[in-house]
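Raw contents of start.pdb, PDB, C-alpha atoms:
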ATOM      1  CA  MET A   1       0.000   0.000   0.000
ATOM      2  CA  LYS A   2       2.842   2.388   0.893
ATOM      3  CA  LEU A   3       4.508   1.625  -2.428
ATOM      4  CA  MET A   4       1.309   2.411  -4.345
ATOM      5  CA  LYS A   5       0.951   5.740  -2.555
ATOM      6  CA  SER A   6       4.558   6.614  -3.283
ATOM      7  CA  LEU A   7       4.120   5.783  -6.948
ATOM      8  CA  LEU A   8       0.934   7.871  -7.122
ATOM      9  CA  ALA A   9       2.657  10.859  -5.518
ATOM     10  CA  ALA A  10       5.590  10.520  -7.919
ATOM     11  CA  ALA A  11       3.216  10.422 -10.887
ATOM     12  CA  VAL A  12       1.422  13.585  -9.743
ATOM     13  CA  LEU A  13       4.709  15.416  -9.260
ATOM     14  CA  ALA A  14       5.994  14.217 -12.633
ATOM     15  CA  THR A  15       2.989  15.754 -14.368
ATOM     16  CA  ALA A  16       3.682  19.034 -12.554
ATOM     17  CA  LEU A  17       7.347  19.237 -13.581
ATOM     18  CA  PRO A  18       6.769  20.589 -17.118
ATOM     19  CA  ALA A  19       5.024  23.603 -15.589
ATOM     20  CA  PHE A  20       8.187  24.325 -13.593
ATOM     21  CA  ALA A  21      10.482  23.595 -16.531
ATOM     22  CA  ALA A  22       9.654  26.663 -18.619
ATOM     23  CA  THR A  23       7.233  29.589 -18.623
ATOM     24  CA  PRO A  24       6.193  31.129 -21.968
ATOM     25  CA  ILE A  25       6.582  34.910 -22.035
ATOM     26  CA  THR A  26       6.106  37.471 -24.802
ATOM     27  CA  LEU A  27       7.839  40.838 -24.997
ATOM     28  CA  ASP A  28       5.537  43.164 -26.975
ATOM     29  CA  PHE A  29       7.349  46.458 -26.099
ATOM     30  CA  GLU A  30       4.104  48.339 -25.475
ATOM     31  CA  GLY A  31       4.964  51.317 -23.275
ATOM     32  CA  ALA A  32       8.726  51.047 -23.789
ATOM     33  CA  PRO A  33      10.481  54.384 -24.482
ATOM     34  CA  SER A  34      10.802  55.367 -28.140
ATOM     35  CA  PHE A  35      14.262  56.090 -29.587
ATOM     36  CA  ALA A  36      15.757  55.121 -26.230
ATOM     37  CA  SER A  37      17.239  51.942 -24.815
ATOM     38  CA  ILE A  38      14.694  49.353 -23.666
ATOM     39  CA  GLY A  39      17.246  48.390 -21.023
ATOM     40  CA  ASP A  40      15.610  46.977 -17.887
ATOM     41  CA  PHE A  41      12.033  47.770 -18.919
ATOM     42  CA  TYR A  42      11.229  44.041 -18.433
ATOM     43  CA  ASN A  43      13.668  43.583 -15.560
ATOM     44  CA  GLY A  44      12.211  45.563 -12.670
ATOM     45  CA  GLY A  45      11.406  48.625 -14.795
ATOM     46  CA  ALA A  46       8.025  49.948 -15.932
ATOM     47  CA  GLY A  47       7.080  46.741 -17.756
ATOM     48  CA  VAL A  48       6.281  43.291 -16.386
ATOM     49  CA  ASN A  49       9.305  41.896 -14.553
ATOM     50  CA  TYR A  50      10.279  38.898 -16.679
ATOM     51  CA  GLY A  51      13.962  39.065 -15.771
ATOM     52  CA  ALA A  52      14.670  40.141 -19.363
ATOM     53  CA  SER A  53      17.138  42.949 -20.037
ATOM     54  CA  PHE A  54      18.406  44.557 -23.230
ATOM     55  CA  THR A  55      21.743  46.144 -24.034
ATOM     56  CA  ASP A  56      21.868  49.864 -24.832
ATOM     57  CA  ALA A  57      21.719  49.304 -28.598
ATOM     58  CA  ALA A  58      18.241  47.685 -28.420
ATOM     59  CA  LEU A  59      15.844  50.622 -28.788
ATOM     60  CA  GLY A  60      12.105  51.063 -28.652
ATOM     61  CA  LEU A  61      10.379  52.619 -31.662
ATOM     62  CA  ALA A  62       6.961  54.297 -31.683
ATOM     63  CA  ASN A  63       5.395  56.335 -34.449
ATOM     64  CA  ASP A  64       5.396  60.113 -33.978
ATOM     65  CA  ALA A  65       4.836  63.287 -35.988
ATOM     66  CA  LEU A  66       7.799  62.425 -38.216
ATOM     67  CA  GLY A  67       6.452  58.896 -38.926
ATOM     68  CA  PRO A  68       4.916  56.548 -39.549
ATOM     69  CA  TYR A  69       8.020  54.378 -39.308
ATOM     70  CA  PHE A  70       6.017  51.138 -39.234
ATOM     71  CA  SER A  71       2.454  49.877 -39.543
ATOM     72  CA  HIS A  72       0.444  46.656 -39.041
ATOM     73  CA  ALA A  73       2.739  45.375 -36.278
ATOM     74  CA  PRO A  74       1.253  42.582 -34.100
ATOM     75  CA  THR A  75       1.058  45.066 -31.204
ATOM     76  CA  PRO A  76       0.797  48.525 -32.755
ATOM     77  CA  GLY A  77       2.189  50.918 -30.147
ATOM     78  CA  THR A  78       5.906  50.148 -29.956
ATOM     79  CA  VAL A  79       8.386  47.778 -31.600
ATOM     80  CA  MET A  80      12.118  47.178 -31.178
ATOM     81  CA  PHE A  81      15.061  47.884 -33.460
ATOM     82  CA  ALA A  82      18.838  47.571 -33.197
ATOM     83  CA  SER A  83      20.942  50.713 -33.471
ATOM     84  CA  ASP A  84      24.160  48.707 -33.854
ATOM     85  CA  ALA A  85      25.530  45.160 -33.820
ATOM     86  CA  THR A  86      25.630  44.941 -30.021
ATOM     87  CA  ALA A  87      21.830  44.872 -29.562
ATOM     88  CA  THR A  88      21.203  41.855 -27.340
ATOM     89  CA  LEU A  89      18.455  40.371 -25.179
ATOM     90  CA  ASN A  90      19.670  38.735 -21.947
ATOM     91  CA  ILE A  91      17.695  36.289 -19.791
ATOM     92  CA  ALA A  92      19.858  35.550 -16.742
ATOM     93  CA  SER A  93      17.830  32.496 -15.665
ATOM     94  CA  GLY A  94      17.891  31.139 -19.230
ATOM     95  CA  PHE A  95      15.281  30.056 -21.751
ATOM     96  CA  ALA A  96      14.754  26.810 -23.602
ATOM     97  CA  THR A  97      13.239  25.019 -26.589
ATOM     98  CA  ALA A  98      12.461  27.869 -28.984
ATOM     99  CA  LEU A  99      12.656  31.556 -29.847
ATOM    100  CA  SER A 100       9.962  33.174 -31.972
ATOM    101  CA  PHE A 101       9.233  36.741 -33.056
ATOM    102  CA  TYR A 102       7.659  38.908 -35.742
ATOM    103  CA  TYR A 103       9.932  41.020 -37.917
ATOM    104  CA  SER A 104       9.838  43.526 -40.741
ATOM    105  CA  ALA A 105      13.066  43.872 -42.753
ATOM    106  CA  SER A 106      13.863  46.454 -45.420
ATOM    107  CA  SER A 107      16.804  44.357 -46.652
ATOM    108  CA  SER A 108      17.939  40.760 -46.407
ATOM    109  CA  ALA A 109      20.091  39.922 -43.407
ATOM    110  CA  LEU A 110      22.335  36.886 -43.197
ATOM    111  CA  ASP A 111      22.999  35.489 -39.716
ATOM    112  CA  ALA A 112      20.952  38.373 -38.333
ATOM    113  CA  ILE A 113      19.676  36.614 -35.209
ATOM    114  CA  LYS A 114      21.892  34.401 -33.064
ATOM    115  CA  VAL A 115      21.065  32.500 -29.873
ATOM    116  CA  TYR A 116      23.847  31.859 -27.349
ATOM    117  CA  SER A 117      24.259  29.779 -24.211
ATOM    118  CA  GLY A 118      25.889  32.665 -22.314
ATOM    119  CA  LEU A 119      24.963  36.259 -21.574
ATOM    120  CA  ASN A 120      25.791  39.077 -24.008
ATOM    121  CA  GLY A 121      26.374  36.767 -26.968
ATOM    122  CA  THR A 122      28.937  34.544 -25.287
ATOM    123  CA  GLY A 123      29.260  30.796 -24.870
ATOM    124  CA  SER A 124      28.093  28.289 -27.460
ATOM    125  CA  LEU A 125      26.102  29.332 -30.514
ATOM    126  CA  LEU A 126      22.842  27.373 -30.236
ATOM    127  CA  GLY A 127      21.151  28.562 -33.406
ATOM    128  CA  THR A 128      20.859  31.221 -36.102
ATOM    129  CA  ILE A 129      17.937  32.688 -38.057
ATOM    130  CA  ASP A 130      18.525  34.250 -41.473
ATOM    131  CA  LEU A 131      15.986  36.983 -42.278
ATOM    132  CA  THR A 132      14.817  38.017 -45.726
ATOM    133  CA  GLN A 133      13.510  41.336 -47.020
ATOM    134  CA  ASN A 134       9.748  41.519 -46.387
ATOM    135  CA  ALA A 135       8.967  45.076 -45.296
ATOM    136  CA  GLN A 136       6.660  45.913 -48.196
ATOM    137  CA  SER A 137       5.555  42.481 -49.349
ATOM    138  CA  ASN A 138       1.973  41.488 -50.162
ATOM    139  CA  GLY A 139       1.106  44.894 -51.611
ATOM    140  CA  CYS A 140       1.835  46.697 -48.358
ATOM    141  CA  SER A 141       3.313  50.188 -48.814
ATOM    142  CA  ASP A 142       1.815  52.606 -46.272
ATOM    143  CA  SER A 143       5.037  52.789 -44.206
ATOM    144  CA  PRO A 144       8.702  51.764 -44.570
ATOM    145  CA  LEU A 145       8.056  48.684 -42.387
ATOM    146  CA  CYS A 146       4.486  47.642 -43.069
ATOM    147  CA  ASN A 147       4.558  43.853 -43.483
ATOM    148  CA  TRP A 148       5.340  41.554 -40.536
ATOM    149  CA  GLN A 149       6.286  37.901 -40.612
ATOM    150  CA  LYS A 150       6.579  35.411 -37.765
ATOM    151  CA  THR A 151       9.590  33.123 -37.574
ATOM    152  CA  THR A 152      10.658  30.490 -35.048
ATOM    153  CA  LEU A 153      14.001  28.942 -34.143
ATOM    154  CA  ASP A 154      14.024  25.604 -32.308
ATOM    155  CA  PHE A 155      17.209  24.786 -30.445
ATOM    156  CA  ALA A 156      18.622  22.321 -27.923
ATOM    157  CA  GLY A 157      19.960  23.294 -24.520
ATOM    158  CA  VAL A 158      19.419  26.385 -22.387
ATOM    159  CA  ALA A 159      20.101  29.797 -23.912
ATOM    160  CA  LYS A 160      20.776  33.050 -22.087
ATOM    161  CA  SER A 161      21.047  35.656 -24.820
ATOM    162  CA  VAL A 162      19.909  36.615 -28.316
ATOM    163  CA  SER A 163      21.869  38.913 -30.617
ATOM    164  CA  PHE A 164      19.559  41.099 -32.758
ATOM    165  CA  GLY A 165      22.181  43.376 -34.296
ATOM    166  CA  GLY A 166      23.133  41.427 -37.409
ATOM    167  CA  ASN A 167      21.427  43.947 -39.680
ATOM    168  CA  ALA A 168      21.177  47.018 -37.464
ATOM    169  CA  GLY A 169      18.846  49.758 -38.635
ATOM    170  CA  ASN A 170      17.104  47.654 -41.287
ATOM    171  CA  VAL A 171      14.904  45.351 -39.183
ATOM    172  CA  ALA A 172      12.234  45.927 -36.545
ATOM    173  CA  PHE A 173      10.974  43.262 -34.142
ATOM    174  CA  ASP A 174       7.777  42.684 -32.196
ATOM    175  CA  ASN A 175       6.263  40.036 -29.902
ATOM    176  CA  ILE A 176       9.469  38.211 -29.025
ATOM    177  CA  SER A 177       8.412  34.934 -27.351
ATOM    178  CA  ILE A 178      10.555  32.557 -25.299
ATOM    179  CA  ASN A 179      10.146  29.767 -22.753
ATOM    180  CA  ALA A 180      11.834  31.158 -19.657
ATOM    181  CA  VAL A 181      13.521  28.748 -17.245
ATOM    182  CA  PRO A 182      12.495  29.385 -13.615
ATOM    183  CA  GLU A 183      14.879  30.971 -11.150
ATOM    184  CA  PRO A 184      16.701  28.547  -8.798
ATOM    185  CA  SER A 185      14.335  29.641  -6.009
ATOM    186  CA  THR A 186      11.459  28.036  -7.903
ATOM    187  CA  TYR A 187      13.210  24.690  -7.864
ATOM    188  CA  ALA A 188      13.876  25.185  -4.145
ATOM    189  CA  LEU A 189      10.135  25.604  -3.569
ATOM    190  CA  LEU A 190       9.476  22.443  -5.569
ATOM    191  CA  ALA A 191      12.002  20.568  -3.441
ATOM    192  CA  LEU A 192      10.278  21.797  -0.273
ATOM    193  CA  GLY A 193       6.982  20.578  -1.704
ATOM    194  CA  LEU A 194       8.461  17.139  -2.276
ATOM    195  CA  VAL A 195       9.711  17.046   1.304
ATOM    196  CA  GLY A 196       6.284  18.065   2.548
ATOM    197  CA  VAL A 197       4.555  15.310   0.558
ATOM    198  CA  ALA A 198       7.004  12.731   1.850
ATOM    199  CA  ALA A 199       6.528  13.884   5.466
ATOM    200  CA  ALA A 200       2.735  13.802   5.163
ATOM    201  CA  MET A 201       2.797  10.278   3.715
ATOM    202  CA  ARG A 202       5.114   9.134   6.493
ATOM    203  CA  ARG A 203       2.829  10.533   9.213
ATOM    204  CA  ARG A 204      -0.211   8.843   7.679
ATOM    205  CA  ASN A 205       1.553   5.498   7.614
ATOM    206  CA  VAL A 206       2.902   5.604  11.144
TER     207      VAL A 206
END
Now that the file is in, can you turn its structure into structure tokens?
Amino acid sequence: MKLMKSLLAAAVLATALPAFAATPITLDFEGAPSFASIGDFYNGGAGVNYGASFTDAALGLANDALGPYFSHAPTPGTVMFASDATATLNIASGFATALSFYYSASSSALDAIKVYSGLNGTGSLLGTIDLTQNAQSNGCSDSPLCNWQKTTLDFAGVAKSVSFGGNAGNVAFDNISINAVPEPSTYALLALGLVGVAAAMRRRNV
């Protein structure tokens, strides 16, 4: 009987593990400052705290009196662009499985997006996405960046950064989605839960 209970508890916990393994998040840049670094907007700043930070070269972009700069973006208020090759997204806790985003490119960009195992584009290169010119495809011409396309990169391992600066100034990005790995404290809470289950089962069987 004790063995059956132990197996049942293990099965319940096993089904819960995927929820702890990764949390899908989407960075839509709504409310981020325009023509200024996104920085820690999603890392304790004005946006939702996802633990996601950007280097200084990753800038927000919103239409103003001099625009429109873009149109028909998945979320229309603000998008992101790279001012130089150092534009990078960092997730200190890591992310896994896949990276996806929408983009609008005024020229083709080889090796434009690179995913790395370390922060700030260091460590192992886990994957690369080549972008193609699409900014005014499908008859779209009401702004320089008016057509948006979704692309996804699947990769193995845990990544910690994405370089977006491969074609700086010619590509805008929106709705960047990743599967964030929980902070170590989350795993500590899970371990405490396991201890609690074991203690409760032991008391019931005494």
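For the choices A:Ile113, A:Ala46, A:Leu61, A:Ala32, the atom-to-atom distance to A:Asn167 is smallest for A:Ile113 when using all atoms listed in the file.
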Item to complete: Decode the PyMOL selection byres ((chain A and resi 99-112) around 7) for the given file into explicit residues and return them as a PyMOL selection string.
Response: chain A and resi 98+113-114+128-135+145+147-154+164-167+170-178
Deliver the residues from the most recent selection as a file, using C-alpha atoms, as a PDB file, in the frame of the given file.
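Output file out_28.pdb is given in full below:
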ATOM      1  CA  ALA A  98      12.461  27.869 -28.984  1.00  0.00           C
ATOM      2  CA  ILE A 113      19.676  36.614 -35.209  1.00  0.00           C
ATOM      3  CA  LYS A 114      21.892  34.401 -33.064  1.00  0.00           C
ATOM      4  CA  THR A 128      20.859  31.221 -36.102  1.00  0.00           C
ATOM      5  CA  ILE A 129      17.937  32.688 -38.057  1.00  0.00           C
ATOM      6  CA  ASP A 130      18.525  34.250 -41.473  1.00  0.00           C
ATOM      7  CA  LEU A 131      15.986  36.983 -42.278  1.00  0.00           C
ATOM      8  CA  THR A 132      14.817  38.017 -45.726  1.00  0.00           C
ATOM      9  CA  GLN A 133      13.510  41.336 -47.020  1.00  0.00           C
ATOM     10  CA  ASN A 134       9.748  41.519 -46.387  1.00  0.00           C
ATOM     11  CA  ALA A 135       8.967  45.076 -45.296  1.00  0.00           C
ATOM     12  CA  LEU A 145       8.056  48.684 -42.387  1.00  0.00           C
ATOM     13  CA  ASN A 147       4.558  43.853 -43.483  1.00  0.00           C
ATOM     14  CA  TRP A 148       5.340  41.554 -40.536  1.00  0.00           C
ATOM     15  CA  GLN A 149       6.286  37.901 -40.612  1.00  0.00           C
ATOM     16  CA  LYS A 150       6.579  35.411 -37.765  1.00  0.00           C
ATOM     17  CA  THR A 151       9.590  33.123 -37.574  1.00  0.00           C
ATOM     18  CA  THR A 152      10.658  30.490 -35.048  1.00  0.00           C
ATOM     19  CA  LEU A 153      14.001  28.942 -34.143  1.00  0.00           C
ATOM     20  CA  ASP A 154      14.024  25.604 -32.308  1.00  0.00           C
ATOM     21  CA  PHE A 164      19.559  41.099 -32.758  1.00  0.00           C
ATOM     22  CA  GLY A 165      22.181  43.376 -34.296  1.00  0.00           C
ATOM     23  CA  GLY A 166      23.133  41.427 -37.409  1.00  0.00           C
ATOM     24  CA  ASN A 167      21.427  43.947 -39.680  1.00  0.00           C
ATOM     25  CA  ASN A 170      17.104  47.654 -41.287  1.00  0.00           C
ATOM     26  CA  VAL A 171      14.904  45.351 -39.183  1.00  0.00           C
ATOM     27  CA  ALA A 172      12.234  45.927 -36.545  1.00  0.00           C
ATOM     28  CA  PHE A 173      10.974  43.262 -34.142  1.00  0.00           C
ATOM     29  CA  ASP A 174       7.777  42.684 -32.196  1.00  0.00           C
ATOM     30  CA  ASN A 175       6.263  40.036 -29.902  1.00  0.00           C
ATOM     31  CA  ILE A 176       9.469  38.211 -29.025  1.00  0.00           C
ATOM     32  CA  SER A 177       8.412  34.934 -27.351  1.00  0.00           C
ATOM     33  CA  ILE A 178      10.555  32.557 -25.299  1.00  0.00           C
TER      34      ILE A 178
END
Worksheet entry | Å distance separating atom CA of A:Phe81 from atom CA of A:Ala58, one decimal place | 6.0 Å
Discussion item. Set the distance at 6 Å and use all atoms listed in the file: which residues neighbour A:Ser117 once local chain neighbours fewer than 6 positions away are removed? I'd like the list as a ChimeraX atom specification.
Written reply: /A:123-124,159-160
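Going from atom CA of A:Pro33 to atom CA of A:Met80 covers 10.0 Å.
Coordinates place atom CA of A:Gly60 at a distance of 16.4 Å from atom CA of A:Val162.
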Practice prompt. Run the PyMOL selection byres ((chain A and resi 89) around 9) on the file and write out the hits as a VMD selection string.
Written response: chain A and resid 52 to 55 58 87 to 88 90 to 91 119 to 121 160 to 164
Item to complete: Measuring atom to atom with all atoms listed in the file, identify which of A:Pro68, A:Gly31, A:Gly169, A:Gly39 is nearest to A:Cys146.
Response: A:Pro68
Return as AutoDock Vina command-line options the centre and edge lengths, in Å with one decimal, of the box along x, y and z that encloses every atom of stretch 88-99 of chain A in the file, padded by 3 Å per side.
--center_x 16.8 --center_y 33.4 --center_z -22.8 --size_x 14.7 --size_y 22.8 --size_z 20.2
Practice prompt. Pull the neighbourhood of (3.4, 52.8, -42.7) for me: all residues within 12 Å in file coordinates, counting all atoms listed in the file, as a list in words.
Written response: Ala62, Asn63, Asp64, Leu66, Gly67, Pro68, Tyr69, Phe70, Ser71, His72, Ala73, Pro76, Ser104, Ala135, Gln136, Cys140, Ser141, Asp142, Ser143, Pro144, Leu145, Cys146, Asn147 and Trp148 of chain A
Discussion item. With the PyMOL selection byres ((chain A and resi 179) around 6) as the selection, what would be picked from this file? Answer as a list in words, please.
Written reply: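 Applying the PyMOL selection byres ((chain A and resi 179) around 6) to the structure shown produces Ala22, Thr23, Pro24, Phe95, Ala96, Ile178 and Ala180 of chain A.
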Output C-alpha atoms for every residue in the selection just made, as a CSV table (one decimal), in the frame of the given file.
chain,number,residue,atom,x,y,z
A,22,ALA,CA,9.7,26.7,-18.6
A,23,THR,CA,7.2,29.6,-18.6
A,24,PRO,CA,6.2,31.1,-22.0
A,95,PHE,CA,15.3,30.1,-21.8
A,96,ALA,CA,14.8,26.8,-23.6
A,178,ILE,CA,10.6,32.6,-25.3
A,180,ALA,CA,11.8,31.2,-19.7
Practice prompt. Give the answer as one residue: which of A:Val48, A:Ala36, A:Ala156, A:Ala168 has the shortest atom-to-atom distance to A:Ala85, using all atoms listed in the file?
Written response: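 Selected residue with least distance to A:Ala85: A:Ala168.
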